[in-house]
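Enquirer: File my_file-v6.pdb below, PDB, C-alpha atoms and all ligand atoms:
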ATOM      1  CA  MET A   1     -40.642 177.587 193.617  1.00  0.00           C
ATOM      2  CA  GLY A   2     -37.547 176.545 195.517  1.00  0.00           C
ATOM      3  CA  LYS A   3     -34.413 178.570 194.961  1.00  0.00           C
ATOM      4  CA  ARG A   4     -30.768 177.455 194.782  1.00  0.00           C
ATOM      5  CA  ILE A   5     -29.036 179.339 197.541  1.00  0.00           C
ATOM      6  CA  LEU A   6     -25.437 180.163 198.459  1.00  0.00           C
ATOM      7  CA  ILE A   7     -24.981 180.996 202.150  1.00  0.00           C
ATOM      8  CA  VAL A   8     -22.066 183.259 203.057  1.00  0.00           C
ATOM      9  CA  ASP A   9     -21.202 183.761 206.737  1.00  0.00           C
ATOM     10  CA  ASP A  10     -18.051 183.362 208.806  1.00  0.00           C
ATOM     11  CA  SER A  11     -20.028 181.706 211.596  1.00  0.00           C
ATOM     12  CA  SER A  12     -20.840 178.036 210.993  1.00  0.00           C
ATOM     13  CA  MET A  13     -23.651 178.315 213.553  1.00  0.00           C
ATOM     14  CA  MET A  14     -25.197 181.155 211.600  1.00  0.00           C
ATOM     15  CA  ARG A  15     -24.883 179.217 208.327  1.00  0.00           C
ATOM     16  CA  LYS A  16     -26.705 176.284 209.940  1.00  0.00           C
ATOM     17  CA  MET A  17     -29.413 178.576 211.266  1.00  0.00           C
ATOM     18  CA  ILE A  18     -30.011 180.147 207.864  1.00  0.00           C
ATOM     19  CA  ALA A  19     -30.166 176.702 206.222  1.00  0.00           C
ATOM     20  CA  LYS A  20     -32.743 175.626 208.825  1.00  0.00           C
ATOM     21  CA  ILE A  21     -34.941 178.563 207.887  1.00  0.00           C
ATOM     22  CA  LEU A  22     -34.656 178.047 204.129  1.00  0.00           C
ATOM     23  CA  GLN A  23     -34.747 174.268 203.639  1.00  0.00           C
ATOM     24  CA  PRO A  24     -38.244 173.618 205.065  1.00  0.00           C
ATOM     25  CA  GLU A  25     -39.574 176.182 202.567  1.00  0.00           C
ATOM     26  CA  GLY A  26     -38.276 174.103 199.658  1.00  0.00           C
ATOM     27  CA  HIS A  27     -35.049 175.957 199.000  1.00  0.00           C
ATOM     28  CA  THR A  28     -31.784 174.105 198.354  1.00  0.00           C
ATOM     29  CA  ILE A  29     -28.455 175.125 199.876  1.00  0.00           C
ATOM     30  CA  ILE A  30     -26.041 174.563 197.003  1.00  0.00           C
ATOM     31  CA  GLY A  31     -22.985 176.003 198.729  1.00  0.00           C
ATOM     32  CA  GLU A  32     -21.570 177.667 201.838  1.00  0.00           C
ATOM     33  CA  ALA A  33     -18.738 180.186 202.029  1.00  0.00           C
ATOM     34  CA  LYS A  34     -17.020 181.629 205.101  1.00  0.00           C
ATOM     35  CA  ASN A  35     -15.554 184.774 203.531  1.00  0.00           C
ATOM     36  CA  GLY A  36     -15.909 187.011 200.516  1.00  0.00           C
ATOM     37  CA  LEU A  37     -13.208 185.306 198.476  1.00  0.00           C
ATOM     38  CA  GLU A  38     -14.892 181.929 198.751  1.00  0.00           C
ATOM     39  CA  ALA A  39     -18.226 183.593 198.016  1.00  0.00           C
ATOM     40  CA  ILE A  40     -16.973 184.994 194.694  1.00  0.00           C
ATOM     41  CA  ASP A  41     -15.474 181.653 193.618  1.00  0.00           C
ATOM     42  CA  LEU A  42     -18.606 179.734 194.539  1.00  0.00           C
ATOM     43  CA  TYR A  43     -20.881 182.304 192.930  1.00  0.00           C
ATOM     44  CA  LYS A  44     -19.043 181.921 189.636  1.00  0.00           C
ATOM     45  CA  SER A  45     -18.961 178.130 189.698  1.00  0.00           C
ATOM     46  CA  LEU A  46     -22.434 177.458 191.109  1.00  0.00           C
ATOM     47  CA  GLN A  47     -24.466 180.406 189.733  1.00  0.00           C
ATOM     48  CA  PRO A  48     -26.964 180.375 192.630  1.00  0.00           C
ATOM     49  CA  ASP A  49     -30.396 182.030 192.355  1.00  0.00           C
ATOM     50  CA  ILE A  50     -29.861 183.834 195.656  1.00  0.00           C
ATOM     51  CA  VAL A  51     -26.957 184.648 197.983  1.00  0.00           C
ATOM     52  CA  THR A  52     -27.364 185.368 201.697  1.00  0.00           C
ATOM     53  CA  MET A  53     -24.394 187.573 202.532  1.00  0.00           C
ATOM     54  CA  ASP A  54     -22.871 188.315 205.921  1.00  0.00           C
ATOM     55  CA  ILE A  55     -21.144 191.697 206.146  1.00  0.00           C
ATOM     56  CA  THR A  56     -18.208 191.377 208.555  1.00  0.00           C
ATOM     57  CA  MET A  57     -15.862 188.527 207.612  1.00  0.00           C
ATOM     58  CA  ARG A  58     -12.085 188.000 207.559  1.00  0.00           C
ATOM     59  CA  ASP A  59     -10.086 188.162 204.321  1.00  0.00           C
ATOM     60  CA  MET A  60     -12.862 189.812 202.329  1.00  0.00           C
ATOM     61  CA  ASP A  61     -16.071 191.288 203.726  1.00  0.00           C
ATOM     62  CA  GLY A  62     -19.542 190.956 202.262  1.00  0.00           C
ATOM     63  CA  LEU A  63     -19.657 194.456 200.772  1.00  0.00           C
ATOM     64  CA  GLU A  64     -16.474 193.894 198.746  1.00  0.00           C
ATOM     65  CA  ALA A  65     -17.631 190.443 197.690  1.00  0.00           C
ATOM     66  CA  ALA A  66     -20.991 191.809 196.543  1.00  0.00           C
ATOM     67  CA  LYS A  67     -19.288 194.465 194.418  1.00  0.00           C
ATOM     68  CA  GLU A  68     -17.242 191.736 192.704  1.00  0.00           C
ATOM     69  CA  ILE A  69     -20.277 189.522 192.230  1.00  0.00           C
ATOM     70  CA  PHE A  70     -22.307 192.384 190.738  1.00  0.00           C
ATOM     71  CA  SER A  71     -19.497 193.193 188.311  1.00  0.00           C
ATOM     72  CA  PHE A  72     -19.573 189.543 187.210  1.00  0.00           C
ATOM     73  CA  ASP A  73     -23.401 189.321 187.130  1.00  0.00           C
ATOM     74  CA  ASP A  74     -25.360 192.551 187.386  1.00  0.00           C
ATOM     75  CA  SER A  75     -28.600 190.653 188.010  1.00  0.00           C
ATOM     76  CA  ALA A  76     -27.222 188.805 191.059  1.00  0.00           C
ATOM     77  CA  GLN A  77     -29.785 188.458 193.867  1.00  0.00           C
ATOM     78  CA  ILE A  78     -28.002 189.191 197.133  1.00  0.00           C
ATOM     79  CA  ILE A  79     -29.657 189.442 200.538  1.00  0.00           C
ATOM     80  CA  PHE A  80     -27.433 190.927 203.242  1.00  0.00           C
ATOM     81  CA  LEU A  81     -27.703 189.745 206.822  1.00  0.00           C
ATOM     82  CA  SER A  82     -26.509 192.088 209.522  1.00  0.00           C
ATOM     83  CA  ASN A  83     -25.838 192.215 213.211  1.00  0.00           C
ATOM     84  CA  LEU A  84     -27.302 195.114 215.152  1.00  0.00           C
ATOM     85  CA  ASP A  85     -24.043 197.072 214.875  1.00  0.00           C
ATOM     86  CA  GLU A  86     -24.035 196.580 211.116  1.00  0.00           C
ATOM     87  CA  GLU A  87     -27.372 198.369 210.603  1.00  0.00           C
ATOM     88  CA  LYS A  88     -25.314 201.389 209.584  1.00  0.00           C
ATOM     89  CA  TYR A  89     -24.617 199.625 206.289  1.00  0.00           C
ATOM     90  CA  ARG A  90     -28.285 199.383 205.317  1.00  0.00           C
ATOM     91  CA  GLU A  91     -28.180 202.411 203.014  1.00  0.00           C
ATOM     92  CA  GLU A  92     -24.899 201.398 201.379  1.00  0.00           C
ATOM     93  CA  VAL A  93     -26.195 197.905 200.752  1.00  0.00           C
ATOM     94  CA  GLU A  94     -29.346 199.239 199.097  1.00  0.00           C
ATOM     95  CA  ARG A  95     -27.233 201.512 196.916  1.00  0.00           C
ATOM     96  CA  LEU A  96     -25.175 198.501 195.805  1.00  0.00           C
ATOM     97  CA  GLY A  97     -28.327 196.955 194.376  1.00  0.00           C
ATOM     98  CA  ALA A  98     -28.989 194.264 196.954  1.00  0.00           C
ATOM     99  CA  LEU A  99     -32.289 192.399 196.893  1.00  0.00           C
ATOM    100  CA  GLY A 100     -32.710 193.056 200.615  1.00  0.00           C
ATOM    101  CA  PHE A 101     -31.238 193.564 204.056  1.00  0.00           C
ATOM    102  CA  ALA A 102     -32.319 191.517 207.072  1.00  0.00           C
ATOM    103  CA  ASN A 103     -31.263 191.578 210.677  1.00  0.00           C
ATOM    104  CA  LYS A 104     -29.740 188.307 211.938  1.00  0.00           C
ATOM    105  CA  HIS A 105     -32.074 188.414 214.917  1.00  0.00           C
ATOM    106  CA  LYS A 106     -35.019 188.355 212.525  1.00  0.00           C
ATOM    107  CA  ALA A 107     -33.451 186.040 209.974  1.00  0.00           C
ATOM    108  CA  LYS A 108     -36.886 184.698 208.964  1.00  0.00           C
ATOM    109  CA  GLU A 109     -37.268 187.971 207.073  1.00  0.00           C
ATOM    110  CA  ILE A 110     -35.111 186.317 204.393  1.00  0.00           C
ATOM    111  CA  LEU A 111     -38.212 184.340 203.414  1.00  0.00           C
ATOM    112  CA  ASP A 112     -40.296 187.505 203.007  1.00  0.00           C
ATOM    113  CA  ILE A 113     -37.565 189.026 200.872  1.00  0.00           C
ATOM    114  CA  ILE A 114     -37.353 185.927 198.655  1.00  0.00           C
ATOM    115  CA  ASN A 115     -41.139 185.755 198.260  1.00  0.00           C
ATOM    116  CA  ARG A 116     -41.874 189.388 197.534  1.00  0.00           C
TER
HETATM  117 MG    MG A 201     -19.702 187.938 210.380  1.00  0.00          MG
END
As structure tokens, how would this structure be written, given the file I've shared?

Expert:
Amino acid sequence: MGKRILIVDDSSMMRKMIAKILQPEGHTIIGEAKNGLEAIDLYKSLQPDIVTMDITMRDMDGLEAAKEIFSFDDSAQIIFLSNLDEEKYREEVERLGALGFANKHKAKEILDIINR
């Protein structure tokens, strides 16, 4: 079944790319945020099924935002998306309780994570 998804990334191109992967599979993009602060606000107001979360962003990064979101909703479903140089965060992200971790260059993995 289609999920209601919040996309968080500081790159508008990346947000578009993620939406293009998710929408044909029946998922709905209910919001987009460009930093962690916006992500927290939108999470609380929209209560999405799933969040795709960039790591490096200005103002508040994805790791900090995820901690806040988990303290608000401990069953939040967050999938982190990383650049190659952010692979070092994979372990930390898993410890936080993320649903998954996908590389931006293989962003279609988001679909496998959602479906598993
Ligand atoms: Mg970024």

Enquirer: So that each row is one residue of chain A with an atom at most 7 Å from ligand MG 201 (chain A), can you give its shortest atom pair and the distance in Å to one decimal, using all atoms listed in the file, rows by chain and rising number, as JSON lines?

Expert:
{"residue": "A:Asp9", "atom": "CA", "partner": "A:MG201", "partner_atom": "MG", "distance": 5.7}
{"residue": "A:Asp10", "atom": "CA", "partner": "A:MG201", "partner_atom": "MG", "distance": 5.1}
{"residue": "A:Ser11", "atom": "CA", "partner": "A:MG201", "partner_atom": "MG", "distance": 6.4}
{"residue": "A:Asp54", "atom": "CA", "partner": "A:MG201", "partner_atom": "MG", "distance": 5.5}
{"residue": "A:Ile55", "atom": "CA", "partner": "A:MG201", "partner_atom": "MG", "distance": 5.8}
{"residue": "A:Thr56", "atom": "CA", "partner": "A:MG201", "partner_atom": "MG", "distance": 4.2}
{"residue": "A:Met57", "atom": "CA", "partner": "A:MG201", "partner_atom": "MG", "distance": 4.8}

Enquirer: For the structure shown, which residues end up in the PyMOL selection byres (((chain A and resi 84-101) around 10) and not hetatm)? Put them as an MDAnalysis selection string, please?

Expert: chainID A and resid 50:56 62:63 66:67 70 74:83 102:105 107 109:110 112:114

Enquirer: Using Å and a single decimal, report how far CA of Gly26 in chain A sits from CA of Ile5 in chain A.

Expert: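 Value for the CA of Ile5 in chain A-CA of Gly26 in chain A distance: 10.8 Å.
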
Enquirer: May I have the centre and edge lengths, in Å to one decimal, of an axis-aligned box around the listed atoms of range 66-73 of chain A with 4 Å added to every side, as JSON?

Expert:
{"center_x": -20.3, "center_y": 191.9, "center_z": 191.8, "size_x": 14.2, "size_y": 13.1, "size_z": 17.4}

Enquirer: Using the chain letters and residue numbers of this document, give as a PDB file with C-alpha atoms, in the frame of the given file the residues selected by the PyMOL selection byres (((chain A and resi 29-45) around 7) and not hetatm).

Expert:
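To be explicit, this is the file written out as out-v7.pdb:
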ATOM      1  CA  ARG A   4     -30.768 177.455 194.782  1.00  0.00           C
ATOM      2  CA  ILE A   5     -29.036 179.339 197.541  1.00  0.00           C
ATOM      3  CA  LEU A   6     -25.437 180.163 198.459  1.00  0.00           C
ATOM      4  CA  ILE A   7     -24.981 180.996 202.150  1.00  0.00           C
ATOM      5  CA  VAL A   8     -22.066 183.259 203.057  1.00  0.00           C
ATOM      6  CA  ASP A   9     -21.202 183.761 206.737  1.00  0.00           C
ATOM      7  CA  ASP A  10     -18.051 183.362 208.806  1.00  0.00           C
ATOM      8  CA  ALA A  19     -30.166 176.702 206.222  1.00  0.00           C
ATOM      9  CA  HIS A  27     -35.049 175.957 199.000  1.00  0.00           C
ATOM     10  CA  THR A  28     -31.784 174.105 198.354  1.00  0.00           C
ATOM     11  CA  LEU A  46     -22.434 177.458 191.109  1.00  0.00           C
ATOM     12  CA  GLN A  47     -24.466 180.406 189.733  1.00  0.00           C
ATOM     13  CA  PRO A  48     -26.964 180.375 192.630  1.00  0.00           C
ATOM     14  CA  MET A  57     -15.862 188.527 207.612  1.00  0.00           C
ATOM     15  CA  ARG A  58     -12.085 188.000 207.559  1.00  0.00           C
ATOM     16  CA  ASP A  59     -10.086 188.162 204.321  1.00  0.00           C
ATOM     17  CA  MET A  60     -12.862 189.812 202.329  1.00  0.00           C
ATOM     18  CA  ASP A  61     -16.071 191.288 203.726  1.00  0.00           C
ATOM     19  CA  GLY A  62     -19.542 190.956 202.262  1.00  0.00           C
ATOM     20  CA  ALA A  65     -17.631 190.443 197.690  1.00  0.00           C
ATOM     21  CA  ILE A  69     -20.277 189.522 192.230  1.00  0.00           C
TER      22      ILE A  69
END

Enquirer: When you draw a straight line from CA of Ile18 in chain A to CA of Leu111 in chain A, how long is it in Å?

Expert: 10.2 Å

Enquirer: Go ahead and compute the interatomic distance for CA of Lys106 in chain A and CA of Asp49 in chain A, in Å to one decimal.

Expert: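 Computing it gives 21.6 Å between the two atoms.
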